[in-house]
Amino acid sequence: MKKKIKLFDPYIDNLEKKSIIETLESHYWASGDGSGNVRKFEKLFTKYVGAKESVAVNSGTAALNLALSLIDLKGKEVILPSLSFVSTAHAVILNGGIPIFVDIDPQTLCIDADKIKQSLTSKSRVILPVHFGGMPCNLNEIQKICKENNIFLIEDAAHASGSKYQNQKVGSHGFAVCFSFHPVKNLAMPTGGIISLNSKNFKSMKKTLLARRWCGITNRHGMKYDVKEAGWNYYMNEFSAGIGIAQLKKLDKMNLFRKKIAKRYEKELRIEQKIPFTDDCSYHLYWIQTKNRNSFIKNMQEFGIEVGIHYKPIHKMTMYNSHNILPITERVTKAIVTLPIHPNLTENDIDHIIKTANKFAR
Ligand SMILES: Cc1ncc(COP(=O)(O)O)c(C=O)c1O
């Protein structure tokens, strides 16, 4: 039987294997002393994205929860898209905020800056855009809105490791920028995330985040420590960080590979609605829209190609049950399908995906 083409697949070589053995044999597996991978990864990632500081955590979800905890959100509103993974909205609720879902731009599927303006109220505290699929949002416009209205920009960059906005890496703009390194992501770890910081007071923000990522523990001197507030167990482990260091070394190469596939899809897929091509996108996801989604997915699977749906709209979930009317999000989420795009695909795989998608998409 022909092998199945996977939707996501981490790209590994000897670098990751060596790192795992070294960490295993170091006997220091949690972050802190030992191999120091976590601190090294934080430094390297901060430099890579051009941020002022970064704090590594154990998931993108943890990154969002912690980043939003930096702002007092009790009874305040956070503006975000509904087209995202549920963590984006949960982080608002878990920090006492009110999610205000705003519609997306039909071309990029990122939050629509004009519609953000229409949703501002005296309670607006944070804008939380998602760089969907790695496509950078209109950060100039969003930063302008934040400045004019005294609002914080916290970015969900879970898909955007290595994406660029006007020649600067995503990670160097917002007050806090949250990345995910889940194994399906374009920088993959067993689990992981990071918060990159860019505000003037980044040093005190980092201090707060370091305490909150490990149960509120501060002032560690030998065996002594203090706790001034509650925190979580969100720290990144040394194995993940070691893999992250290996992955970061080849991130640009892996993203280039994705871009080459995206270019072929752009040229050869006879499907009208698809993610636009730009060098600035990491292409963590490649989305298309089809009118016959159910039969398209069934046919692709029968031809050995794994595809996905990213995402169901959050504002329609029972928990949120929002009465916001988001016509573009609702239309797109009925038709969206994600196709495989990762460095493990062979030319034959890509040919097969293009041929099959062209055959079945309506
Ligand atoms: C847009 C977005 N935000 C947040 C997350 C959460 O990241 P993690 O799975 O690392 O917790 C994800 C992961 O799928 C995501 O796609």
# chains A, B, ... in the order shown; residues from 1 in each chain; ligands from 1
call {"tool": "residues_near_ligand", "arguments": {"ligand": "ligand 1", "cutoff": "7 Å", "atoms": "only C-alpha atoms and all ligand atoms", "output": "list in words"}}
result
Ser59, Gly60, Thr61, Ala62, Ser84, Phe85, Ser87, Thr88, Val130, Phe132, Asp156, Ala157, Ala158, His159, Ser180, Phe181, His182, Thr191, Gly192 and Gly193 of chain A
call {"tool": "write_last_selection", "arguments": {"atoms": "all heavy atoms", "output": "short mmCIF file (atom, residue, chain, number, x, y, z; two decimals), in the first residue's frame"}}
result
data_model
loop_
_atom_site.label_atom_id
_atom_site.label_comp_id
_atom_site.auth_asym_id
_atom_site.auth_seq_id
_atom_site.Cartn_x
_atom_site.Cartn_y
_atom_site.Cartn_z
N SER A 59 4.22 25.46 26.60
CA SER A 59 3.29 25.38 25.46
C SER A 59 2.93 26.78 25.00
O SER A 59 3.17 27.77 25.72
CB SER A 59 2.00 24.64 25.86
OG SER A 59 1.26 25.41 26.78
N GLY A 60 2.32 26.83 23.83
CA GLY A 60 1.80 28.11 23.34
C GLY A 60 0.65 28.58 24.21
O GLY A 60 0.45 29.78 24.42
N THR A 61 -0.12 27.63 24.71
CA THR A 61 -1.23 27.94 25.61
C THR A 61 -0.71 28.63 26.88
O THR A 61 -1.24 29.66 27.31
CB THR A 61 -1.98 26.64 25.98
OG1 THR A 61 -2.42 26.01 24.77
CG2 THR A 61 -3.16 26.89 26.88
N ALA A 62 0.36 28.06 27.45
CA ALA A 62 0.97 28.66 28.65
C ALA A 62 1.48 30.06 28.33
O ALA A 62 1.34 30.99 29.14
CB ALA A 62 2.10 27.77 29.16
N SER A 84 -9.25 30.72 15.22
CA SER A 84 -8.00 30.39 15.90
C SER A 84 -8.21 29.12 16.70
O SER A 84 -9.33 28.61 16.80
CB SER A 84 -7.58 31.53 16.85
OG SER A 84 -6.30 31.27 17.40
N PHE A 85 -7.12 28.65 17.30
CA PHE A 85 -7.24 27.54 18.25
C PHE A 85 -7.85 28.11 19.54
O PHE A 85 -7.60 29.27 19.88
CB PHE A 85 -5.86 26.93 18.51
CG PHE A 85 -5.88 25.73 19.39
CD1 PHE A 85 -6.62 24.61 19.05
CD2 PHE A 85 -5.16 25.71 20.58
CE1 PHE A 85 -6.65 23.49 19.87
CE2 PHE A 85 -5.18 24.60 21.41
CZ PHE A 85 -5.93 23.49 21.04
N SER A 87 -7.26 28.03 22.59
CA SER A 87 -6.38 28.62 23.61
C SER A 87 -6.35 30.13 23.56
O SER A 87 -6.21 30.79 24.59
CB SER A 87 -4.93 28.17 23.39
OG SER A 87 -4.77 26.85 23.62
N THR A 88 -6.45 30.69 22.37
CA THR A 88 -6.36 32.15 22.20
C THR A 88 -7.45 32.82 23.04
O THR A 88 -7.19 33.78 23.75
CB THR A 88 -6.51 32.54 20.71
OG1 THR A 88 -5.76 31.62 19.92
CG2 THR A 88 -6.03 33.95 20.44
N VAL A 130 -3.97 37.06 15.57
CA VAL A 130 -3.34 35.76 15.29
C VAL A 130 -2.74 35.84 13.88
O VAL A 130 -3.45 36.18 12.93
CB VAL A 130 -4.40 34.63 15.32
CG1 VAL A 130 -3.78 33.28 14.96
CG2 VAL A 130 -5.07 34.56 16.69
N PHE A 132 -2.35 34.19 11.10
CA PHE A 132 -2.99 32.93 10.73
C PHE A 132 -2.21 32.17 9.66
O PHE A 132 -1.99 32.67 8.54
CB PHE A 132 -4.43 33.20 10.26
CG PHE A 132 -5.20 31.93 10.10
CD1 PHE A 132 -5.64 31.22 11.21
CD2 PHE A 132 -5.45 31.39 8.85
CE1 PHE A 132 -6.32 30.03 11.08
CE2 PHE A 132 -6.13 30.20 8.71
CZ PHE A 132 -6.56 29.51 9.83
N ASP A 156 -0.65 36.51 19.05
CA ASP A 156 -0.61 35.06 19.02
C ASP A 156 0.16 34.68 17.75
O ASP A 156 -0.38 34.72 16.64
CB ASP A 156 -2.02 34.46 19.00
CG ASP A 156 -1.99 32.93 19.05
OD1 ASP A 156 -0.97 32.35 18.64
OD2 ASP A 156 -2.99 32.32 19.48
N ALA A 157 1.44 34.36 17.97
CA ALA A 157 2.33 34.03 16.84
C ALA A 157 2.62 32.53 16.82
O ALA A 157 3.69 32.10 16.39
CB ALA A 157 3.61 34.84 16.94
N ALA A 158 1.62 31.74 17.26
CA ALA A 158 1.80 30.28 17.34
C ALA A 158 2.21 29.69 15.99
O ALA A 158 2.89 28.67 15.94
CB ALA A 158 0.52 29.62 17.85
N HIS A 159 1.78 30.35 14.89
CA HIS A 159 2.06 29.81 13.55
C HIS A 159 3.24 30.54 12.89
O HIS A 159 3.51 30.28 11.72
CB HIS A 159 0.85 30.01 12.63
CG HIS A 159 -0.40 29.35 13.12
ND1 HIS A 159 -1.62 29.50 12.49
CD2 HIS A 159 -0.63 28.50 14.16
CE1 HIS A 159 -2.54 28.80 13.13
NE2 HIS A 159 -1.96 28.19 14.15
N SER A 180 4.17 29.07 19.71
CA SER A 180 3.97 27.67 20.11
C SER A 180 4.98 26.80 19.37
O SER A 180 5.24 27.01 18.19
CB SER A 180 2.56 27.21 19.72
OG SER A 180 2.50 25.79 19.68
N PHE A 181 5.50 25.82 20.09
CA PHE A 181 6.43 24.86 19.46
C PHE A 181 5.89 23.43 19.58
O PHE A 181 6.64 22.48 19.74
CB PHE A 181 7.82 24.99 20.10
CG PHE A 181 8.35 26.40 20.11
CD1 PHE A 181 8.76 27.00 21.30
CD2 PHE A 181 8.41 27.15 18.95
CE1 PHE A 181 9.23 28.30 21.33
CE2 PHE A 181 8.87 28.46 18.96
CZ PHE A 181 9.28 29.04 20.15
N HIS A 182 4.56 23.33 19.55
CA HIS A 182 3.91 22.01 19.49
C HIS A 182 4.50 21.24 18.30
O HIS A 182 4.89 21.85 17.30
CB HIS A 182 2.40 22.26 19.31
CG HIS A 182 1.56 21.03 19.30
ND1 HIS A 182 1.49 20.23 18.18
CD2 HIS A 182 0.77 20.48 20.23
CE1 HIS A 182 0.69 19.22 18.45
NE2 HIS A 182 0.24 19.34 19.68
N THR A 191 6.81 19.56 23.41
CA THR A 191 5.85 20.63 23.74
C THR A 191 6.69 21.86 24.02
O THR A 191 7.84 21.74 24.43
CB THR A 191 5.01 20.37 25.02
OG1 THR A 191 5.91 20.32 26.14
CG2 THR A 191 4.17 19.12 24.95
N GLY A 192 6.13 23.03 23.82
CA GLY A 192 6.91 24.23 24.13
C GLY A 192 6.25 25.49 23.63
O GLY A 192 5.36 25.46 22.78
N GLY A 193 6.69 26.58 24.19
CA GLY A 193 6.23 27.90 23.76
C GLY A 193 7.17 28.94 24.30
O GLY A 193 8.09 28.63 25.08
#
call {"tool": "closest_atom_pairs", "arguments": {"of": "segment 138-253 of chain A", "to": "segment 34-57 of chain A", "cutoff": "8 Å", "atoms": "only C-alpha atoms", "output": "Markdown table"}}
result
| residue | atom | partner | partner_atom | distance |
| --- | --- | --- | --- | --- |
| A:Gly162 | CA | A:Val49 | CA | 7.4 |
| A:Gln168 | CA | A:Gly50 | CA | 7.7 |
| A:Lys169 | CA | A:Val49 | CA | 5.1 |
| A:Val170 | CA | A:Val49 | CA | 6.5 |
| A:Gly171 | CA | A:Val49 | CA | 5.3 |
| A:Ser172 | CA | A:Ala51 | CA | 4.5 |
| A:His173 | CA | A:Ala51 | CA | 7.7 |
| A:Gly192 | CA | A:Val57 | CA | 5.9 |
| A:Gly193 | CA | A:Val57 | CA | 5.1 |
| A:Ile194 | CA | A:Ala56 | CA | 4.2 |
| A:Ile195 | CA | A:Val55 | CA | 5.3 |
| A:Ser196 | CA | A:Ser54 | CA | 4.2 |
| A:Leu197 | CA | A:Glu53 | CA | 5.2 |
| A:Asn198 | CA | A:Lys52 | CA | 5.2 |
| A:Ser199 | CA | A:Lys52 | CA | 7.9 |
| A:Phe202 | CA | A:Glu53 | CA | 6.8 |
| A:Lys203 | CA | A:Glu53 | CA | 7.8 |
| A:Lys206 | CA | A:Val55 | CA | 6.8 |
| A:Leu209 | CA | A:Val55 | CA | 7.1 |
| A:Leu210 | CA | A:Val55 | CA | 7.0 |
| A:Arg213 | CA | A:Val57 | CA | 6.9 |
| A:Tyr234 | CA | A:Val57 | CA | 5.4 |
| A:Tyr235 | CA | A:Val57 | CA | 4.6 |
| A:Met236 | CA | A:Val57 | CA | 4.6 |
| A:Asn237 | CA | A:Val38 | CA | 7.1 |
| A:Glu238 | CA | A:Asn37 | CA | 5.5 |
| A:Phe239 | CA | A:Asn37 | CA | 7.9 |
| A:Ala241 | CA | A:Val38 | CA | 5.0 |
| A:Gly242 | CA | A:Asn37 | CA | 5.4 |
| A:Gly244 | CA | A:Phe41 | CA | 6.8 |
| A:Ile245 | CA | A:Phe41 | CA | 5.6 |
| A:Leu248 | CA | A:Phe45 | CA | 7.5 |
call {"tool": "write_last_selection", "arguments": {"atoms": "N, CA, C and O atoms", "output": "compact mmCIF listing (two decimals), in the first residue's frame"}}
result
# COMPACT_ATOMS: atom_id res chain seq x y z
N GLY A 162 9.57 32.73 12.44
CA GLY A 162 10.29 33.04 11.20
C GLY A 162 9.50 33.88 10.22
O GLY A 162 10.03 34.27 9.18
N GLN A 168 11.02 42.97 9.38
CA GLN A 168 11.36 42.63 10.77
C GLN A 168 10.63 41.36 11.15
O GLN A 168 9.46 41.17 10.75
N LYS A 169 11.30 40.51 11.90
CA LYS A 169 10.68 39.24 12.28
C LYS A 169 9.46 39.46 13.18
O LYS A 169 9.47 40.39 14.02
N VAL A 170 8.45 38.65 13.01
CA VAL A 170 7.35 38.61 13.97
C VAL A 170 7.98 38.18 15.30
O VAL A 170 8.76 37.21 15.34
N GLY A 171 7.66 38.91 16.35
CA GLY A 171 8.31 38.66 17.65
C GLY A 171 8.95 39.93 18.15
O GLY A 171 9.24 40.06 19.34
N SER A 172 9.16 40.90 17.21
CA SER A 172 9.87 42.13 17.59
C SER A 172 8.92 43.33 17.69
O SER A 172 9.37 44.44 17.85
N HIS A 173 7.60 43.09 17.60
CA HIS A 173 6.66 44.23 17.55
C HIS A 173 5.89 44.43 18.85
O HIS A 173 6.02 45.45 19.50
N GLY A 192 6.13 23.03 23.82
CA GLY A 192 6.91 24.23 24.13
C GLY A 192 6.25 25.49 23.63
O GLY A 192 5.36 25.46 22.78
N GLY A 193 6.69 26.58 24.19
CA GLY A 193 6.23 27.90 23.76
C GLY A 193 7.17 28.94 24.30
O GLY A 193 8.09 28.63 25.08
N ILE A 194 6.99 30.17 23.86
CA ILE A 194 7.84 31.26 24.38
C ILE A 194 7.06 32.57 24.29
O ILE A 194 6.18 32.71 23.43
N ILE A 195 7.39 33.47 25.22
CA ILE A 195 6.83 34.83 25.16
C ILE A 195 7.99 35.76 24.88
O ILE A 195 8.94 35.83 25.68
N SER A 196 7.93 36.47 23.77
CA SER A 196 8.96 37.47 23.49
C SER A 196 8.43 38.82 23.94
O SER A 196 7.25 39.13 23.75
N LEU A 197 9.32 39.62 24.53
CA LEU A 197 8.91 40.89 25.14
C LEU A 197 9.58 42.07 24.44
O LEU A 197 10.77 41.97 24.10
N ASN A 198 8.85 43.14 24.29
CA ASN A 198 9.40 44.31 23.58
C ASN A 198 9.13 45.64 24.25
O ASN A 198 9.47 46.67 23.71
N SER A 199 8.49 45.64 25.43
CA SER A 199 8.14 46.94 26.01
C SER A 199 9.36 47.53 26.74
O SER A 199 10.35 46.84 26.96
N PHE A 202 10.62 45.70 29.91
CA PHE A 202 10.72 44.26 29.66
C PHE A 202 11.42 43.51 30.79
O PHE A 202 11.14 42.36 31.05
N LYS A 203 12.33 44.23 31.50
CA LYS A 203 13.08 43.52 32.57
C LYS A 203 12.15 43.13 33.71
O LYS A 203 12.19 42.00 34.20
N LYS A 206 9.84 40.37 32.60
CA LYS A 206 10.51 39.07 32.57
C LYS A 206 10.55 38.47 33.99
O LYS A 206 10.25 37.27 34.18
N LEU A 209 7.23 37.11 34.85
CA LEU A 209 6.94 35.88 34.11
C LEU A 209 7.74 34.69 34.64
O LEU A 209 7.23 33.57 34.72
N LEU A 210 9.01 34.95 35.00
CA LEU A 210 9.84 33.85 35.52
C LEU A 210 9.23 33.28 36.80
O LEU A 210 9.20 32.07 37.00
N ARG A 213 5.92 31.38 35.91
CA ARG A 213 6.04 30.11 35.18
C ARG A 213 6.45 28.97 36.11
O ARG A 213 6.41 27.82 35.75
N TYR A 234 4.75 25.98 34.53
CA TYR A 234 4.74 26.20 33.08
C TYR A 234 6.14 26.15 32.46
O TYR A 234 6.31 26.58 31.33
N TYR A 235 7.15 25.71 33.24
CA TYR A 235 8.49 25.85 32.66
C TYR A 235 8.77 24.84 31.55
O TYR A 235 8.21 23.75 31.52
N MET A 236 9.65 25.24 30.66
CA MET A 236 10.05 24.36 29.56
C MET A 236 11.09 23.37 30.08
O MET A 236 11.93 23.73 30.90
N ASN A 237 11.05 22.13 29.58
CA ASN A 237 12.07 21.17 30.03
C ASN A 237 13.29 21.21 29.11
O ASN A 237 13.24 21.76 28.01
N GLU A 238 14.39 20.64 29.59
CA GLU A 238 15.67 20.72 28.87
C GLU A 238 15.67 19.93 27.55
O GLU A 238 16.38 20.29 26.62
N PHE A 239 14.87 18.87 27.47
CA PHE A 239 14.80 18.10 26.22
C PHE A 239 14.17 18.95 25.12
O PHE A 239 14.69 19.04 24.00
N ALA A 241 13.92 22.18 24.99
CA ALA A 241 14.79 23.32 24.64
C ALA A 241 15.94 22.86 23.74
O ALA A 241 16.31 23.55 22.78
N GLY A 242 16.50 21.67 24.03
CA GLY A 242 17.60 21.15 23.20
C GLY A 242 17.13 20.91 21.78
O GLY A 242 17.82 21.25 20.80
N GLY A 244 14.64 22.44 20.44
CA GLY A 244 14.38 23.79 19.92
C GLY A 244 15.64 24.45 19.37
O GLY A 244 15.59 25.10 18.32
N ILE A 245 16.76 24.26 20.06
CA ILE A 245 18.02 24.86 19.60
C ILE A 245 18.38 24.27 18.23
O ILE A 245 18.76 24.98 17.30
N LEU A 248 15.91 25.62 15.63
CA LEU A 248 16.11 27.04 15.32
C LEU A 248 17.25 27.22 14.31
O LEU A 248 17.19 28.09 13.44
call {"tool": "residues_around", "arguments": {"residues": "segment 104-115 of chain A", "least_positions_apart": "5", "cutoff": "9 Å", "atoms": "only C-alpha atoms", "output": "list in words"}}
result
Leu80, Pro81, Ser82, Leu83, Pro129, Val130, His131, Phe132, Gly133, Met135, Pro136, Cys137, Asn138, Leu139, Glu141, Ile142, Ile145, Gln273, Lys274, Ile275, Pro276, Leu326, Ile328, Thr329 and Val332 of chain A
call {"tool": "residues_around", "arguments": {"residues": "Leu251 of chain A", "least_positions_apart": "2", "cutoff": "10 Å", "atoms": "only C-alpha atoms", "output": "list of chain:residue names"}}
result
A:Tyr11, A:Ser161, A:Gly162, A:Asn186, A:Leu187, A:Ala188, A:Gly244, A:Ile245, A:Ala246, A:Gln247, A:Leu248, A:Lys249, A:Lys253, A:Met254, A:Asn255, A:Leu256, A:Phe257, A:Ser282
call {"tool": "write_last_selection", "arguments": {"atoms": "N, CA, C and O atoms", "output": "short mmCIF file (atom, residue, chain, number, x, y, z; two decimals), in the first residue's frame"}}
result
data_model
loop_
_atom_site.label_atom_id
_atom_site.label_comp_id
_atom_site.auth_asym_id
_atom_site.auth_seq_id
_atom_site.Cartn_x
_atom_site.Cartn_y
_atom_site.Cartn_z
N TYR A 11 10.61 17.87 11.11
CA TYR A 11 11.78 17.59 10.27
C TYR A 11 12.99 17.45 11.19
O TYR A 11 13.42 18.43 11.81
N SER A 161 6.69 31.39 13.64
CA SER A 161 8.14 31.38 13.87
C SER A 161 8.83 31.63 12.53
O SER A 161 8.68 30.84 11.60
N GLY A 162 9.57 32.73 12.44
CA GLY A 162 10.29 33.04 11.20
C GLY A 162 9.50 33.88 10.22
O GLY A 162 10.03 34.27 9.18
N ASN A 186 5.97 24.81 12.83
CA ASN A 186 7.13 24.85 11.92
C ASN A 186 8.46 24.92 12.66
O ASN A 186 9.50 24.67 12.08
N LEU A 187 8.45 25.25 13.96
CA LEU A 187 9.58 24.99 14.86
C LEU A 187 9.02 24.03 15.90
O LEU A 187 8.19 24.42 16.72
N ALA A 188 9.45 22.78 15.83
CA ALA A 188 8.77 21.73 16.60
C ALA A 188 9.58 21.28 17.82
O ALA A 188 10.80 21.18 17.76
N GLY A 244 14.64 22.44 20.44
CA GLY A 244 14.38 23.79 19.92
C GLY A 244 15.64 24.45 19.37
O GLY A 244 15.59 25.10 18.32
N ILE A 245 16.76 24.26 20.06
CA ILE A 245 18.02 24.86 19.60
C ILE A 245 18.38 24.27 18.23
O ILE A 245 18.76 24.98 17.30
N ALA A 246 18.21 22.95 18.12
CA ALA A 246 18.51 22.28 16.84
C ALA A 246 17.56 22.77 15.74
O ALA A 246 17.98 23.05 14.61
N GLN A 247 16.30 22.90 16.08
CA GLN A 247 15.29 23.32 15.09
C GLN A 247 15.52 24.78 14.66
O GLN A 247 15.35 25.12 13.49
N LEU A 248 15.91 25.62 15.63
CA LEU A 248 16.11 27.04 15.32
C LEU A 248 17.25 27.22 14.31
O LEU A 248 17.19 28.09 13.44
N LYS A 249 18.29 26.37 14.44
CA LYS A 249 19.43 26.45 13.52
C LYS A 249 18.98 26.28 12.07
O LYS A 249 19.58 26.82 11.16
N LYS A 253 15.86 27.49 6.78
CA LYS A 253 15.93 26.48 5.71
C LYS A 253 14.59 25.73 5.61
O LYS A 253 14.05 25.52 4.52
N MET A 254 14.03 25.38 6.77
CA MET A 254 12.75 24.64 6.77
C MET A 254 11.62 25.53 6.23
O MET A 254 10.77 25.08 5.47
N ASN A 255 11.65 26.82 6.61
CA ASN A 255 10.61 27.73 6.12
C ASN A 255 10.74 27.97 4.61
O ASN A 255 9.74 28.11 3.91
N LEU A 256 12.00 27.98 4.14
CA LEU A 256 12.23 28.14 2.70
C LEU A 256 11.62 26.96 1.94
O LEU A 256 11.01 27.12 0.88
N PHE A 257 11.78 25.79 2.52
CA PHE A 257 11.21 24.59 1.93
C PHE A 257 9.68 24.73 1.82
O PHE A 257 9.07 24.45 0.79
N SER A 282 5.52 32.19 7.11
CA SER A 282 6.25 30.95 7.46
C SER A 282 5.60 29.72 6.81
O SER A 282 6.22 28.68 6.71
#
call {"tool": "atom_distance", "arguments": {"atom1": "atom CA of Leu153 of chain A", "atom2": "atom CA of His90 of chain A"}}
result
17.1 Å
call {"tool": "select_by_dssp", "arguments": {"residues": "segment 63-260 of chain A", "states": "strand (DSSP E)", "output": "PyMOL selection string"}}
result
chain A and resi 77-81+98-102+124-127+152-156+164-165+168-169+176-180+193-197+217-221+224-227
call {"tool": "residues_around", "arguments": {"residues": "Ile100 of chain A", "least_positions_apart": "2", "cutoff": "7 Å", "atoms": "only C-alpha atoms", "output": "list in words"}}
result
Glu77, Val78, Ile79, Leu80, Ile98 and Val102 of chain A
call {"tool": "select_by_dssp", "arguments": {"residues": "segment 117-200 of chain A", "states": "alpha helix (DSSP H)", "output": "list in words"}}
result
Lys117, Gln118, Ser119, Leu139, Asn140, Glu141, Ile142, Gln143, Lys144, Ile145, Cys146, Lys147, Glu148 and Asn149 of chain A
call {"tool": "atom_distance", "arguments": {"atom1": "atom CA of Asp9 of chain A", "atom2": "atom CA of Phe303 of chain A"}}
result
18.3 Å
call {"tool": "atom_distance", "arguments": {"atom1": "atom CA of Lys18 of chain A", "atom2": "atom CA of Ile5 of chain A"}}
result
27.1 Å
call {"tool": "residues_around", "arguments": {"residues": "Val92 of chain A", "least_positions_apart": "4", "cutoff": "12 Å", "atoms": "only C-alpha atoms", "output": "ChimeraX atom specification"}}
result
/A:61,64-80,86-88,96-101,125-128,154,320
call {"tool": "residues_around", "arguments": {"residues": "Arg258 of chain A", "least_positions_apart": "6", "cutoff": "8 Å", "atoms": "only C-alpha atoms", "output": "JSON, numbers by chain"}}
result
{"A": [282, 283, 284, 341, 342, 343]}
call {"tool": "closest_residue", "arguments": {"among": "A:Asn324, A:Asn201, A:Ser240, A:Asn233", "to": "Cys215 of chain A", "atoms": "only C-alpha atoms"}}
result
A:Asn233
call {"tool": "closest_residue", "arguments": {"among": "A:Asn299, A:Tyr311, A:Ser19, A:Gln166", "to": "Asp279 of chain A", "atoms": "only C-alpha atoms"}}
result
A:Gln166
call {"tool": "decode", "arguments": {"residues": "segment 44-68 of chain A", "atoms": "C-alpha atoms", "output": "tab-separated table (two decimals), in the first residue's frame"}}
result
chain	number	residue	atom	x	y	z
A	44	LEU	CA	18.99	32.42	20.67
A	45	PHE	CA	15.27	32.89	19.99
A	46	THR	CA	15.31	36.48	21.34
A	47	LYS	CA	18.18	37.29	18.98
A	48	TYR	CA	16.53	35.48	16.07
A	49	VAL	CA	13.26	37.43	16.30
A	50	GLY	CA	14.90	40.69	17.38
A	51	ALA	CA	12.97	41.00	20.67
A	52	LYS	CA	14.30	42.51	23.90
A	53	GLU	CA	13.81	39.40	26.02
A	54	SER	CA	12.01	36.06	25.96
A	55	VAL	CA	10.69	33.62	28.54
A	56	ALA	CA	10.35	29.97	27.51
A	57	VAL	CA	7.36	27.97	28.73
A	58	ASN	CA	5.91	24.51	28.13
A	59	SER	CA	3.29	25.38	25.46
A	60	GLY	CA	1.80	28.11	23.34
A	61	THR	CA	-1.23	27.94	25.61
A	62	ALA	CA	0.97	28.66	28.65
A	63	ALA	CA	2.60	31.53	26.74
A	64	LEU	CA	-0.82	33.12	26.08
A	65	ASN	CA	-2.04	32.58	29.65
A	66	LEU	CA	1.09	34.15	31.10
A	67	ALA	CA	1.36	37.02	28.62
A	68	LEU	CA	-2.22	38.09	29.28
